[in-house]
file data09.cif (mmCIF, C-alpha atoms)
data_input
loop_
_atom_site.label_atom_id
_atom_site.label_comp_id
_atom_site.auth_asym_id
_atom_site.auth_seq_id
_atom_site.Cartn_x
_atom_site.Cartn_y
_atom_site.Cartn_z
CA MET A 1 0.00 0.00 0.00
CA ARG A 2 1.55 3.29 -1.09
CA THR A 3 2.00 5.99 1.51
CA ARG A 4 1.17 9.67 1.51
CA PRO A 5 2.69 12.62 3.40
CA LEU A 6 0.81 13.54 6.57
CA GLY A 7 0.64 17.25 5.85
CA ARG A 8 4.09 18.76 6.28
CA THR A 9 5.08 16.67 9.29
CA GLY A 10 7.48 14.53 7.25
CA ILE A 11 5.52 11.46 8.39
CA GLN A 12 4.33 9.01 5.73
CA VAL A 13 1.02 7.20 6.24
CA SER A 14 -1.15 4.74 4.35
CA PRO A 15 -4.28 6.02 2.56
CA TYR A 16 -6.34 3.76 4.83
CA CYS A 17 -6.12 4.35 8.57
CA LEU A 18 -7.32 1.61 10.93
CA GLY A 19 -9.90 3.15 13.24
CA THR A 20 -10.57 1.32 16.49
CA MET A 21 -13.79 2.81 17.80
CA ASN A 22 -15.40 -0.65 17.61
CA PHE A 23 -12.72 -2.25 19.77
CA GLY A 24 -14.19 -3.13 23.16
CA ILE A 25 -17.80 -2.29 22.40
CA GLY A 26 -18.66 -3.30 18.82
CA ASN A 27 -16.24 -6.19 19.23
CA PRO A 28 -15.53 -7.10 22.88
CA ASP A 29 -13.20 -9.98 21.92
CA ARG A 30 -9.73 -8.55 22.59
CA ASP A 31 -7.92 -11.37 20.83
CA ASP A 32 -10.03 -10.91 17.72
CA CYS A 33 -9.37 -7.16 17.79
CA ALA A 34 -5.64 -7.90 17.99
CA ARG A 35 -5.96 -10.12 14.92
CA ILE A 36 -7.60 -7.23 13.07
CA VAL A 37 -4.66 -4.99 13.99
CA HIS A 38 -2.07 -7.50 12.81
CA ARG A 39 -3.93 -8.25 9.57
CA ALA A 40 -4.13 -4.54 8.80
CA LEU A 41 -0.40 -4.09 9.45
CA ASP A 42 0.46 -7.12 7.33
CA ALA A 43 -1.59 -5.63 4.48
CA GLY A 44 0.44 -2.41 4.54
CA ILE A 45 -1.68 -0.15 6.75
CA ASN A 46 0.76 1.72 8.99
CA PHE A 47 -1.67 4.23 10.53
CA ILE A 48 -3.90 3.50 13.56
CA ASP A 49 -6.37 5.92 15.14
CA THR A 50 -7.99 5.52 18.54
CA ALA A 51 -9.22 7.75 21.39
CA ASP A 52 -9.34 7.72 25.16
CA VAL A 53 -13.16 7.49 25.20
CA TYR A 54 -13.38 4.49 22.85
CA GLY A 55 -14.14 1.10 24.28
CA PRO A 56 -15.43 2.92 26.35
CA HIS A 57 -13.10 4.74 28.74
CA GLY A 58 -9.74 3.59 27.46
CA VAL A 59 -10.53 -0.02 26.54
CA SER A 60 -9.74 0.56 22.85
CA GLU A 61 -6.38 2.10 23.74
CA GLU A 62 -5.62 -0.90 25.96
CA ILE A 63 -6.42 -3.33 23.15
CA VAL A 64 -4.32 -1.40 20.63
CA GLY A 65 -1.42 -1.10 23.05
CA ALA A 66 -1.37 -4.83 23.73
CA ALA A 67 -1.66 -5.68 20.03
CA LEU A 68 1.26 -3.43 19.07
CA GLN A 69 3.80 -5.01 21.38
CA GLY A 70 6.80 -5.84 19.21
CA ARG A 71 5.43 -3.81 16.27
CA ARG A 72 5.11 -0.33 17.75
CA ASP A 73 7.94 1.17 15.71
CA ASP A 74 6.21 0.20 12.46
CA VAL A 75 3.07 2.18 13.27
CA VAL A 76 2.04 5.83 13.16
CA LEU A 77 -0.13 5.84 16.28
CA ALA A 78 -2.82 8.48 16.77
CA THR A 79 -5.15 9.01 19.69
CA LYS A 80 -7.44 11.75 20.95
CA VAL A 81 -8.35 13.65 24.12
CA ASN A 82 -11.34 15.81 25.07
CA GLY A 83 -14.28 13.46 25.60
CA PRO A 84 -15.66 12.75 29.10
CA MET A 85 -13.73 10.15 31.08
CA GLY A 86 -16.01 10.20 34.10
CA ASP A 87 -18.56 12.37 35.86
CA ASP A 88 -16.02 14.90 37.11
CA PRO A 89 -16.34 17.99 34.86
CA ASN A 90 -12.55 18.40 34.93
CA ARG A 91 -11.97 14.94 33.44
CA ARG A 92 -12.81 16.15 29.93
CA GLY A 93 -12.24 19.09 27.62
CA SER A 94 -9.10 20.78 26.31
CA SER A 95 -7.67 22.49 29.38
CA ARG A 96 -4.00 22.20 30.27
CA ARG A 97 -5.04 20.54 33.53
CA TRP A 98 -6.78 17.69 31.72
CA ILE A 99 -4.47 17.30 28.73
CA VAL A 100 -1.25 16.88 30.72
CA SER A 101 -3.00 14.41 33.02
CA GLU A 102 -4.83 12.36 30.40
CA VAL A 103 -1.85 11.97 28.07
CA GLU A 104 -0.15 9.97 30.82
CA HIS A 105 -3.15 7.66 31.04
CA SER A 106 -3.18 7.19 27.26
CA LEU A 107 0.55 6.42 27.20
CA ARG A 108 0.07 3.83 29.92
CA ARG A 109 -2.89 2.19 28.17
CA LEU A 110 -1.09 2.20 24.81
CA LYS A 111 2.06 0.74 26.40
CA THR A 112 4.28 3.29 24.67
CA ASP A 113 6.49 6.23 25.56
CA HIS A 114 5.21 8.49 22.79
CA ILE A 115 2.15 9.24 20.66
CA ASP A 116 2.79 10.08 17.01
CA LEU A 117 -0.35 12.20 16.58
CA TYR A 118 -2.25 13.59 19.57
CA GLN A 119 -5.58 15.13 18.58
CA ILE A 120 -8.18 17.30 20.27
CA HIS A 121 -11.32 15.23 19.72
CA HIS A 122 -13.88 18.06 19.63
CA PRO A 123 -13.98 21.85 19.76
CA ASP A 124 -14.04 23.25 23.28
CA PRO A 125 -15.66 26.70 23.27
CA GLN A 126 -14.89 27.15 26.98
CA THR A 127 -11.12 26.91 26.55
CA ASP A 128 -8.81 29.36 24.78
CA PHE A 129 -6.70 27.92 21.98
CA GLU A 130 -3.66 29.41 23.67
CA GLU A 131 -4.33 27.28 26.76
CA THR A 132 -4.71 24.11 24.69
CA LEU A 133 -1.83 24.71 22.29
CA SER A 134 0.51 25.70 25.13
CA ALA A 135 -0.10 22.35 26.86
CA LEU A 136 0.29 20.42 23.61
CA THR A 137 3.50 22.32 22.79
CA ASP A 138 5.00 21.21 26.09
CA LEU A 139 4.12 17.60 25.29
CA VAL A 140 5.84 17.86 21.91
CA ARG A 141 8.94 19.41 23.46
CA SER A 142 9.04 16.70 26.13
CA GLY A 143 9.00 13.99 23.43
CA LYS A 144 5.74 12.44 24.61
CA VAL A 145 3.96 13.61 21.46
CA ARG A 146 5.39 13.92 17.95
CA ALA A 147 2.66 16.00 16.25
CA ILE A 148 -0.69 17.50 17.23
CA GLY A 149 -4.02 17.69 15.43
CA SER A 150 -7.64 18.71 15.73
CA SER A 151 -10.91 17.00 14.96
CA ASN A 152 -14.32 18.34 13.93
CA LEU A 153 -13.20 21.98 13.92
CA PRO A 154 -15.10 24.48 11.77
CA ALA A 155 -12.93 26.25 9.17
CA SER A 156 -12.98 29.51 11.14
CA GLU A 157 -11.56 27.77 14.22
CA ILE A 158 -8.88 26.02 12.17
CA VAL A 159 -7.74 29.48 11.05
CA GLU A 160 -7.95 30.87 14.60
CA ALA A 161 -5.85 28.03 15.98
CA GLN A 162 -3.20 28.57 13.29
CA TRP A 163 -3.18 32.31 14.05
CA VAL A 164 -2.76 31.74 17.80
CA ALA A 165 0.08 29.27 17.23
CA ASP A 166 1.89 31.70 14.93
CA ARG A 167 1.50 34.73 17.21
CA ARG A 168 2.42 32.89 20.41
CA GLY A 169 5.23 30.74 19.04
CA LEU A 170 3.37 27.50 19.81
CA GLN A 171 3.09 24.17 18.03
CA ARG A 172 0.30 24.28 15.46
CA PHE A 173 -2.27 21.71 14.54
CA ARG A 174 -0.75 19.60 11.78
CA THR A 175 -3.87 17.61 10.96
CA GLU A 176 -7.65 17.82 11.02
CA GLN A 177 -10.11 14.93 11.33
CA PRO A 178 -13.55 15.72 9.85
CA THR A 179 -16.36 13.50 8.61
CA TYR A 180 -16.47 12.91 4.84
CA SER A 181 -18.34 10.60 2.53
CA ILE A 182 -20.33 10.72 -0.70
CA LEU A 183 -23.38 11.55 1.43
CA ASN A 184 -21.69 14.27 3.48
CA ARG A 185 -19.41 16.37 1.25
CA GLY A 186 -19.67 19.64 3.16
CA ILE A 187 -15.94 19.79 3.97
CA GLU A 188 -15.19 20.33 0.27
CA ARG A 189 -16.45 23.92 0.63
CA GLU A 190 -14.12 25.31 3.30
CA ILE A 191 -12.48 22.66 5.49
CA LEU A 192 -10.37 20.97 2.81
CA PRO A 193 -9.24 24.22 1.11
CA THR A 194 -8.35 25.70 4.51
CA CYS A 195 -6.35 22.63 5.53
CA SER A 196 -4.54 22.69 2.19
CA ARG A 197 -3.68 26.36 2.67
CA PHE A 198 -2.00 25.56 6.00
CA GLY A 199 -0.35 22.36 4.84
CA MET A 200 -2.42 20.18 7.17
CA GLY A 201 -3.00 16.48 6.71
CA VAL A 202 -6.64 15.35 6.72
CA LEU A 203 -7.93 12.09 8.20
CA VAL A 204 -11.60 11.60 7.32
CA TRP A 205 -13.96 9.56 9.46
CA SER A 206 -17.07 7.63 8.42
CA PRO A 207 -16.23 7.39 4.68
CA LEU A 208 -18.93 4.70 4.47
CA GLY A 209 -21.60 7.01 5.86
CA MET A 210 -22.02 5.07 9.12
CA GLY A 211 -22.73 1.97 7.01
CA LEU A 212 -25.27 3.43 4.57
CA LEU A 213 -22.67 3.24 1.79
CA THR A 214 -22.20 -0.50 2.19
CA GLY A 215 -25.54 -1.18 0.52
CA ARG A 216 -26.80 -3.19 3.51
CA TYR A 217 -29.52 -0.66 4.30
CA ARG A 218 -32.01 -0.38 1.45
CA LYS A 219 -34.78 2.15 1.04
CA GLY A 220 -37.95 1.03 2.79
CA ASP A 221 -36.18 -1.52 4.98
CA PRO A 222 -36.07 -0.82 8.73
CA VAL A 223 -32.63 -0.45 10.31
CA GLN A 224 -32.14 -3.43 12.60
CA ASP A 225 -28.88 -2.23 14.17
CA PRO A 226 -29.79 -0.87 17.66
CA GLN A 227 -26.37 0.73 18.13
CA LYS A 228 -26.69 2.81 14.96
CA MET A 229 -30.26 3.76 15.80
CA HIS A 230 -29.04 4.91 19.20
CA TRP A 231 -26.22 7.12 17.90
CA VAL A 232 -27.38 8.28 14.45
CA PRO A 233 -31.12 7.67 14.03
CA ARG A 234 -31.73 10.74 11.82
CA HIS A 235 -28.82 9.85 9.58
CA MET A 236 -29.83 6.21 9.15
CA THR A 237 -33.44 7.07 8.29
CA ASP A 238 -32.82 10.19 6.18
CA GLU A 239 -34.84 9.75 2.98
CA ARG A 240 -32.51 11.95 0.89
CA LYS A 241 -29.58 9.75 1.86
CA ARG A 242 -31.53 6.55 1.27
CA ASP A 243 -32.53 7.83 -2.19
CA ALA A 244 -28.90 8.64 -2.99
CA VAL A 245 -27.83 5.13 -2.01
CA GLU A 246 -30.41 3.69 -4.42
CA GLU A 247 -28.88 5.80 -7.22
CA LEU A 248 -25.33 4.89 -6.28
CA LEU A 249 -25.86 1.12 -6.23
CA PRO A 250 -26.40 0.74 -10.00
CA LEU A 251 -23.62 3.25 -10.63
CA ALA A 252 -21.24 1.04 -8.66
CA ARG A 253 -22.42 -2.11 -10.46
CA GLU A 254 -21.84 -0.52 -13.86
CA ALA A 255 -18.32 0.40 -12.74
CA GLY A 256 -17.73 -3.21 -11.71
CA LEU A 257 -17.47 -2.33 -8.03
CA SER A 258 -19.26 -2.93 -4.78
CA LEU A 259 -20.76 0.20 -3.22
CA THR A 260 -18.29 -0.15 -0.33
CA HIS A 261 -15.29 -0.06 -2.66
CA LEU A 262 -16.78 2.84 -4.64
CA ALA A 263 -17.32 4.86 -1.46
CA MET A 264 -13.84 4.21 -0.08
CA ALA A 265 -12.17 5.02 -3.40
CA PHE A 266 -14.17 8.25 -3.56
CA ALA A 267 -12.98 9.33 -0.11
CA VAL A 268 -9.28 8.91 -0.84
CA THR A 269 -9.49 10.35 -4.36
CA HIS A 270 -9.82 13.96 -3.22
CA PRO A 271 -6.33 15.54 -3.25
CA GLY A 272 -7.04 17.24 0.07
CA VAL A 273 -7.61 13.92 1.87
CA THR A 274 -4.57 12.16 3.31
CA SER A 275 -6.17 9.05 4.75
CA ALA A 276 -9.64 7.59 5.26
CA ILE A 277 -10.41 5.90 8.57
CA ILE A 278 -11.88 2.42 8.31
CA GLY A 279 -13.56 0.92 11.36
CA PRO A 280 -14.01 -2.82 10.81
CA ARG A 281 -15.77 -4.70 13.58
CA THR A 282 -14.66 -8.09 12.25
CA THR A 283 -11.80 -9.58 10.26
CA ARG A 284 -14.25 -10.35 7.46
CA GLN A 285 -15.16 -6.67 7.17
CA LEU A 286 -11.48 -5.76 7.12
CA GLU A 287 -10.76 -8.25 4.34
CA ASP A 288 -13.52 -6.75 2.22
CA LEU A 289 -12.10 -3.25 2.71
CA LEU A 290 -8.58 -4.41 1.90
CA ALA A 291 -9.83 -6.06 -1.29
CA GLY A 292 -10.79 -2.64 -2.62
CA ALA A 293 -7.74 -0.75 -1.42
CA THR A 294 -6.26 -0.37 -4.92
CA THR A 295 -9.51 0.80 -6.51
CA THR A 296 -9.35 4.02 -8.51
CA LEU A 297 -12.23 5.96 -10.03
CA ASP A 298 -12.07 7.55 -13.46
CA ASP A 299 -13.48 10.98 -14.24
CA GLU A 300 -16.67 9.57 -15.73
CA VAL A 301 -17.55 7.75 -12.51
CA LEU A 302 -16.65 10.77 -10.39
CA ASP A 303 -18.81 12.99 -12.60
CA ARG A 304 -21.74 10.63 -12.13
CA ILE A 305 -21.26 10.70 -8.36
CA ASP A 306 -21.30 14.50 -8.55
CA GLY A 307 -24.64 14.18 -10.32
CA VAL A 308 -26.09 12.20 -7.42
CA VAL A 309 -24.59 14.31 -4.63
CA PRO A 310 -23.22 17.68 -5.82
CA PRO A 311 -19.77 18.78 -4.58
CA GLY A 312 -19.80 20.49 -1.19
CA THR A 313 -23.24 19.13 -0.32
CA ASP A 314 -24.35 17.50 2.93
CA LEU A 315 -27.54 15.59 2.16
CA GLY A 316 -28.57 15.73 5.78
CA PRO A 317 -27.21 16.13 9.29
CA LEU A 318 -25.00 13.53 10.90
CA ASP A 319 -26.36 13.21 14.42
CA ILE A 320 -22.94 12.99 16.10
CA ALA A 321 -21.39 15.87 14.15
CA TYR A 322 -20.27 18.95 16.09
CA VAL A 323 -22.94 21.63 16.52
CA PRO A 324 -21.61 25.13 17.36
CA PRO A 325 -23.03 26.69 20.56
CA ALA A 326 -24.72 29.42 18.51
CA LEU A 327 -26.89 26.73 16.91
CA ALA A 328 -27.24 24.39 19.88
CA ASP A 329 -28.34 27.02 22.45
CA PRO A 330 -31.46 29.03 21.52
CA ALA A 331 -30.60 31.66 24.17
CA LEU A 332 -27.61 32.73 22.08
CA ARG A 333 -29.97 33.68 19.24
CA ARG A 334 -32.55 35.58 21.32
CA ARG A 335 -31.81 39.05 22.64
CA ARG A 336 -34.24 38.90 25.57
CA ALA A 337 -32.79 35.63 26.82
CA ALA A 338 -29.28 37.04 26.51
CA GLU A 339 -30.26 40.18 28.44
CA ARG A 340 -31.85 38.11 31.23
CA ALA A 341 -28.74 35.95 31.45
CA ALA A 342 -26.60 39.07 31.80
CA GLY A 343 -28.72 40.26 34.72
#
call {"tool": "encode", "arguments": {"input": "data09.cif", "output": "structure tokens"}}
result
Amino acid sequence: MRTRPLGRTGIQVSPYCLGTMNFGIGNPDRDDCARIVHRALDAGINFIDTADVYGPHGVSEEIVGAALQGRRDDVVLATKVNGPMGDDPNRRGSSRRWIVSEVEHSLRRLKTDHIDLYQIHHPDPQTDFEETLSALTDLVRSGKVRAIGSSNLPASEIVEAQWVADRRGLQRFRTEQPTYSILNRGIEREILPTCSRFGMGVLVWSPLGMGLLTGRYRKGDPVQDPQKMHWVPRHMTDERKRDAVEELLPLAREAGLSLTHLAMAFAVTHPGVTSAIIGPRTTRQLEDLLAGATTTLDDEVLDRIDGVVPPGTDLGPLDIAYVPPALADPALRRRRAAERAAG
């Protein structure tokens, strides 16, 4: 599997990144998860992404750490911080207090002395970028972290973080991790051009549209997966997305591809995308993804995809996507409520 530069870090990574969100919860069998890791590495994937909250609460990191014993030096290892790791409000977020504490827990769980890419999992409106970047800079200088990245940031906040790093002499985010698939192409408008402008690598999550782009979920059929209906019920039942899948299936057949292979090839075709995160729950799913790893799409197929879902278009919301406070809190849009809150 050919590698690509991870932004301007000098690090080379595979166009597929093994995501491990399913480890510990989607697949509780630790030995089987370890087999998935080793099969991915043997196939040429050298990039693994996890997070402290996966598993949940560190289980995924523990599984990855155990699986990488003896092979750690062959892997670009990425993890994330920010999500809640307990009921204590200070055991989450992007404060210096939490970052410098939680990185030690991640290092212990991963059984390593350094993390190649340490990412802020979600925006944190309550914490200044200077606070976050200052803590991450110290981790880079100490050797515990090699590079830092963000995830789910709006384009304006990507620019703000770069500005703060430049003005304060701090390490800057070298990567961004947004969602991207044929069904959700919104990052083509601003996120990808902004990342390109700053020389950032881009790891995209959910290139298979939370499973809709596998072809398993057909229009009119109820979704039988309780986990997906818990996390992304609007996404899984969105009629616009279901209609698009029905148009994409014959397109894929005419191209001689499965819908899964078409969707994955689409995600890594964009020049602004460094790597697409795959999240197999089983070895069988991994083998299917690996079988399509060399797939390329010609301009005719890409043009037809554009006809189904126009460039820069999100067909509908992804339930777990970041929602800015100005949209999530009605009080921020209503003058009277704001005046009452101010006293």
call {"tool": "atom_distance", "arguments": {"input": "data09.cif", "atom1": "CA of Glu160 (chain A)", "atom2": "CA of Glu104 (chain A)"}}
result
27.6 Å
call {"tool": "residues_around", "arguments": {"input": "data09.cif", "residues": "region 192-197 of chain A", "least_positions_apart": "4", "cutoff": "12 Å", "atoms": "all atoms listed in the file", "output": "ChimeraX atom specification"}}
result
/A:6-8,149-151,153-162,173-180,185-188,201-204,270-274,312
call {"tool": "resolve_selection", "arguments": {"input": "data09.cif", "expression": "the PyMOL selection byres ((chain A and resi 301) around 12)", "output": "list in words"}}
result
Leu248, Pro250, Leu251, Ala252, Arg253, Glu254, Ala255, Gly256, Leu257, Leu262, Ala263, Ala265, Phe266, Thr269, Thr296, Leu297, Asp298, Asp299, Glu300, Leu302, Asp303, Arg304, Ile305, Asp306, Gly307 and Val308 of chain A
call {"tool": "resolve_selection", "arguments": {"input": "data09.cif", "expression": "the PyMOL selection byres ((chain A and resi 318-325) around 9)", "output": "PyMOL selection string"}}
result
chain A and resi 122-123+125+152-154+178-179+184+209+231-236+314+316-317+326-330+332
call {"tool": "residues_around", "arguments": {"input": "data09.cif", "residues": "region 63-76 of chain A", "least_positions_apart": "5", "cutoff": "7 Å", "atoms": "only C-alpha atoms", "output": "VMD selection string"}}
result
chain A and resid 30 34 37 46 to 48 109 to 111 116
call {"tool": "resolve_selection", "arguments": {"input": "data09.cif", "expression": "the PyMOL selection byres ((chain A and resi 129) around 10)", "output": "PyMOL selection string"}}
result
chain A and resi 94-95+123-128+130-135+157+160-165
call {"tool": "write_last_selection", "arguments": {"input": "data09.cif", "atoms": "C-alpha atoms", "output": "compact mmCIF listing (two decimals), in the frame of the given file"}}
result
# COMPACT_ATOMS: atom_id res chain seq x y z
CA SER A 94 -9.10 20.78 26.31
CA SER A 95 -7.67 22.49 29.38
CA PRO A 123 -13.98 21.85 19.76
CA ASP A 124 -14.04 23.25 23.28
CA PRO A 125 -15.66 26.70 23.27
CA GLN A 126 -14.89 27.15 26.98
CA THR A 127 -11.12 26.91 26.55
CA ASP A 128 -8.81 29.36 24.78
CA GLU A 130 -3.66 29.41 23.67
CA GLU A 131 -4.33 27.28 26.76
CA THR A 132 -4.71 24.11 24.69
CA LEU A 133 -1.83 24.71 22.29
CA SER A 134 0.51 25.70 25.13
CA ALA A 135 -0.10 22.35 26.86
CA GLU A 157 -11.56 27.77 14.22
CA GLU A 160 -7.95 30.87 14.60
CA ALA A 161 -5.85 28.03 15.98
CA GLN A 162 -3.20 28.57 13.29
CA TRP A 163 -3.18 32.31 14.05
CA VAL A 164 -2.76 31.74 17.80
CA ALA A 165 0.08 29.27 17.23
call {"tool": "closest_residue", "arguments": {"input": "data09.cif", "among": "A:Thr214, A:Gln285, A:Thr137, A:Thr20", "to": "Cys33 (chain A)", "atoms": "all atoms listed in the file"}}
result
A:Thr20
call {"tool": "closest_residue", "arguments": {"input": "data09.cif", "among": "A:Leu77, A:Gly199, A:Arg334, A:Pro280", "to": "Ala40 (chain A)", "atoms": "all atoms listed in the file"}}
result
A:Pro280
call {"tool": "closest_residue", "arguments": {"input": "data09.cif", "among": "A:Thr237, A:Gly143, A:Ala293, A:Leu208", "to": "Asp225 (chain A)", "atoms": "only C-alpha atoms"}}
result
A:Thr237
call {"tool": "closest_residue", "arguments": {"input": "data09.cif", "among": "A:Asp113, A:Trp205, A:Arg2, A:Ile182", "to": "Pro310 (chain A)", "atoms": "all atoms listed in the file"}}
result
A:Ile182
call {"tool": "closest_residue", "arguments": {"input": "data09.cif", "among": "A:Thr50, A:Leu249, A:Asp32, A:Gly26", "to": "Lys228 (chain A)", "atoms": "only C-alpha atoms"}}
result
A:Gly26
call {"tool": "closest_residue", "arguments": {"input": "data09.cif", "among": "A:Ile36, A:Ile11, A:Met85, A:Leu136", "to": "Leu289 (chain A)", "atoms": "all atoms listed in the file"}}
result
A:Ile36
call {"tool": "atom_distance", "arguments": {"input": "data09.cif", "atom1": "CA of Leu139 (chain A)", "atom2": "CA of Gln12 (chain A)"}}
result
21.4 Å
call {"tool": "residues_around", "arguments": {"input": "data09.cif", "residues": "Asp243 (chain A)", "least_positions_apart": "2", "cutoff": "12 Å", "atoms": "all atoms listed in the file", "output": "PyMOL selection string"}}
result
chain A and resi 183+212-213+215+217-220+236-241+245-249+308-309+315-316
call {"tool": "build_atoms", "arguments": {"input": "data09.cif", "residues": "region 140-156 of chain A", "atoms": "N, CA and C atoms", "output": "CSV table (one decimal), keeping the file's coordinate frame"}}
result
chain,number,residue,atom,x,y,z
A,140,VAL,N,5.0,18.1,23.1
A,140,VAL,CA,5.8,17.9,21.9
A,140,VAL,C,7.3,18.0,22.3
A,141,ARG,N,7.6,19.1,23.0
A,141,ARG,CA,8.9,19.4,23.5
A,141,ARG,C,9.5,18.4,24.4
A,142,SER,N,8.6,17.7,25.2
A,142,SER,CA,9.0,16.7,26.1
A,142,SER,C,9.3,15.4,25.4
A,143,GLY,N,8.8,15.2,24.2
A,143,GLY,CA,9.0,14.0,23.4
A,143,GLY,C,7.9,13.0,23.6
A,144,LYS,N,6.9,13.3,24.4
A,144,LYS,CA,5.7,12.4,24.6
A,144,LYS,C,4.8,12.4,23.4
A,145,VAL,N,4.8,13.5,22.6
A,145,VAL,CA,4.0,13.6,21.5
A,145,VAL,C,4.8,14.1,20.3
A,146,ARG,N,4.6,13.5,19.1
A,146,ARG,CA,5.4,13.9,18.0
A,146,ARG,C,4.7,15.0,17.1
A,147,ALA,N,3.4,15.0,17.0
A,147,ALA,CA,2.7,16.0,16.2
A,147,ALA,C,1.3,16.1,16.9
A,148,ILE,N,0.6,17.3,16.6
A,148,ILE,CA,-0.7,17.5,17.2
A,148,ILE,C,-1.7,17.8,16.1
A,149,GLY,N,-3.0,17.5,16.4
A,149,GLY,CA,-4.0,17.7,15.4
A,149,GLY,C,-5.3,18.0,16.1
A,150,SER,N,-6.3,18.4,15.3
A,150,SER,CA,-7.6,18.7,15.7
A,150,SER,C,-8.6,17.8,15.1
A,151,SER,N,-9.9,17.8,15.5
A,151,SER,CA,-10.9,17.0,15.0
A,151,SER,C,-12.2,17.7,15.1
A,152,ASN,N,-13.0,17.7,14.0
A,152,ASN,CA,-14.3,18.3,13.9
A,152,ASN,C,-14.3,19.9,14.1
A,153,LEU,N,-13.2,20.5,13.8
A,153,LEU,CA,-13.2,22.0,13.9
A,153,LEU,C,-13.8,22.6,12.7
A,154,PRO,N,-14.7,23.7,12.9
A,154,PRO,CA,-15.1,24.5,11.8
A,154,PRO,C,-13.9,25.2,11.1
A,155,ALA,N,-14.0,25.6,9.9
A,155,ALA,CA,-12.9,26.2,9.2
A,155,ALA,C,-12.5,27.5,9.9
A,156,SER,N,-13.4,28.3,10.5
A,156,SER,CA,-13.0,29.5,11.1
A,156,SER,C,-12.1,29.2,12.3
